[in-house]
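Each remark here refers to the structure printed beneath this line.
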Amino acid sequence: MFDWFSGLSPVIQAGLATLFTWSVTALGASLVFLLKKINKTFMDGMLGFAAGVMISASFWSLLEPGITQANNLGLNAWLMSSLGFISGGLLLFISDNMYKVYNRHHPKRKHESKEDSFKRCLMLITSITIHNIPEGMAVGVAFGSLGAGLPGVTLTGALAVAIGIGLQNFPEGTAVSFPLRREGYSRTKAFFYGQASGIVEPIAGIIGALLVMKVQLIMPFLLCFAAGAMIYVVVQELIPESQTNKQKDLMALFTLIGFSVMMILDVALG
């Protein structure tokens, strides 16, 4: 299976990898059919593990190769890497605050009309969908860098990026479907909108892979952009949410385990 996958073109690899991340979103959304509530410790442990995976992948598979490539191209490595890194986080900051701004100006009322409820749900879906675009690009950039022959980028490292994004997409799917269910949507509609929020990832992944392979000069920026997007998700969402668990020390251990697993895959096997 691994040999078959490694023989594919990087664009197809990026497409398949982001289809995987979208399918995990759909899997998370599908819990709306099975459960009324989700076991918090299980979800927090998954978030902690995903945080470790994404921190590891963002450095070994994105930042370090991006800085190396900037030096190889004769670019200002520290400027290119910092601009890319901050831009990735900034885009997610903007998308995350869209829903907060809407809620601030349209606070939920006790007896809310169907139109207001629809608008609130639409903003939730839109903000998470926009949030998923740089995540899909992160996966695409990782695989596209393989096709460009970038030193330091390995297939295991690119797969680590996809696995990290996929793991944190599971609770994202539930974060859309369950609120929609509480708003009165049927289970089928709640699932549909929950999984639909992740469908942009395969599109963004293919675009990211093509950009990296066709335009070499922006490769360092895109690699660091993807790393910034991943670190923003970790710091703003995954670690804070996992640390709301009563067993904070155990959640921190899951983060260390996630980091170690991906570091071993990328360094030892890469």
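By order of appearance in the structure tokens: chains A, B, ..., then residues from 1 within every chain, and ligands from 1 in the order shown.
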
(message) I want to know what sits within 10 Å of A:Lys214, based on only C-alpha atoms, with residues of the same chain fewer than 5 positions away left out; could you give that as a ChimeraX atom specification?
(response) /A:144,147-148,209,219

Save the residues we just selected, C-alpha atoms, as a PDB file, in the first residue's frame?
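Contents of out_36.pdb, freshly written:
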ATOM      1  CA  GLY A 144       3.857  19.290  -3.571  1.00  0.00           C
ATOM      2  CA  GLY A 147       7.390  16.662  -6.331  1.00  0.00           C
ATOM      3  CA  ALA A 148       9.599  19.738  -6.376  1.00  0.00           C
ATOM      4  CA  ALA A 209       0.490  21.143  -4.344  1.00  0.00           C
ATOM      5  CA  MET A 219       7.683  27.496  -1.962  1.00  0.00           C
TER       6      MET A 219
END

(request) Can you work out which one of A:Ile55, A:Leu8, A:Gly208, A:Asp44 has the shortest atom-to-atom distance to A:Lys246, counting only C-alpha atoms? (result)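 Of A:Ile55, A:Leu8, A:Gly208, A:Asp44, the one nearest A:Lys246, counting only C-alpha atoms, is A:Asp44.
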
(message) With only C-alpha atoms as the counted atoms, please give the residues lying no more than 6 Å from A:Thr255, apart from itself and same-chain residues fewer than 2 positions off, as a list in words.
(response)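 Here the answer would be Gly48, Phe49, Ala51, Gly52, Ala252, Leu253, Ile257 and Gly258 of chain A.
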
(request) Find the residues near A:Ala226: any atom within 7 Å, counting only C-alpha atoms, skip ones fewer than 5 places away on the same chain, and give them as a list of chain:residue names. (result) A:Gly88, A:Pro134, A:Met137, A:Ala138

Would you output that residue set with N, CA and C atoms, as a compact mmCIF listing (two decimals), in the first residue's frame?
# COMPACT_ATOMS: atom_id res chain seq x y z
N GLY A 88 0.07 32.61 7.81
CA GLY A 88 -0.75 31.42 8.01
C GLY A 88 -1.63 31.53 9.25
N PRO A 134 -6.69 26.90 4.71
CA PRO A 134 -5.24 26.79 4.92
C PRO A 134 -4.80 25.43 5.44
N MET A 137 -4.41 23.42 2.38
CA MET A 137 -3.20 23.88 1.69
C MET A 137 -1.94 23.34 2.37
N ALA A 138 -1.98 23.23 3.70
CA ALA A 138 -0.83 22.71 4.43
C ALA A 138 -0.49 21.30 3.96

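Counting from atom CA of A:Gly164, the distance to atom CA of A:Val233 is 10.9 Å.
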
(request) Report as a PyMOL selection string: the residues of stretch 35-267 of chain A with a DSSP assignment of alpha helix (DSSP H), based on the backbone of this structure. (result) chain A and resi 40-57+64-72+77-105+114-147+155-182+187-196+200-214+219-233+239-242+248-263

(request) Using only C-alpha atoms, pick whichever of A:Gly228, A:Gly149, A:Pro65, A:Pro202 has the shortest atom-to-atom distance to A:Leu92. (result) A:Gly228

(request) Report the distance between atom CA of A:Phe143 and atom CA of A:Ala29 in Å, rounded to one decimal place. (result)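 Distance between the two atoms: 26.5 Å.
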
(message) When you count only C-alpha atoms, which of these residues is closest to A:Met213: A:Leu238, A:Ile125, A:Ala142, A:Ile165?
(response)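 Smallest distance to A:Met213 is found for A:Ala142.
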
(message) Please determine, counting only C-alpha atoms, which residue among A:Ile163, A:Leu47, A:Leu180, A:Ala227 has the shortest atom-to-atom distance to A:Leu256.
(response)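 Among A:Ile163, A:Leu47, A:Leu180, A:Ala227, it is A:Leu47 that comes nearest to A:Leu256.
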
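For the choices A:Asn169, A:Ser197, A:Gln247, A:Thr156, the atom-to-atom distance to A:Ser6 is smallest for A:Thr156 when using only C-alpha atoms.
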
(message) Under the rule that only C-alpha atoms are counted, which of A:Tyr232, A:Ile206, A:Pro171, A:Leu27 is the nearest residue to A:Lys40?
(response)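 The closest residue to A:Lys40 is A:Pro171.
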
Determine, for each residue of stretch 134-249 of chain A having at least one atom at most 7 Å from an atom of stretch 21-25 of chain A, the closest pair of atoms and their separation in Å to one decimal, counting only C-alpha atoms; order by chain and ascending number, as CSV.
residue,atom,partner,partner_atom,distance
A:Ala162,CA,A:Thr21,CA,6.7
A:Ile165,CA,A:Thr21,CA,6.5
A:Gly166,CA,A:Thr21,CA,4.2
A:Asn169,CA,A:Thr25,CA,4.9
A:Phe170,CA,A:Thr25,CA,4.9
A:Glu172,CA,A:Thr25,CA,6.5
A:Gly173,CA,A:Thr25,CA,4.6
A:Gln195,CA,A:Thr25,CA,5.6
A:Gly198,CA,A:Trp22,CA,5.1
A:Ile199,CA,A:Trp22,CA,5.9
A:Glu201,CA,A:Trp22,CA,6.5

(request) Mind checking which residues fall within 8 Å of A:Tyr193, counting only C-alpha atoms, ignoring those fewer than 3 positions away in the same chain, and posting them as a ChimeraX atom specification? (result) /A:125,176-177,189-190,196-197
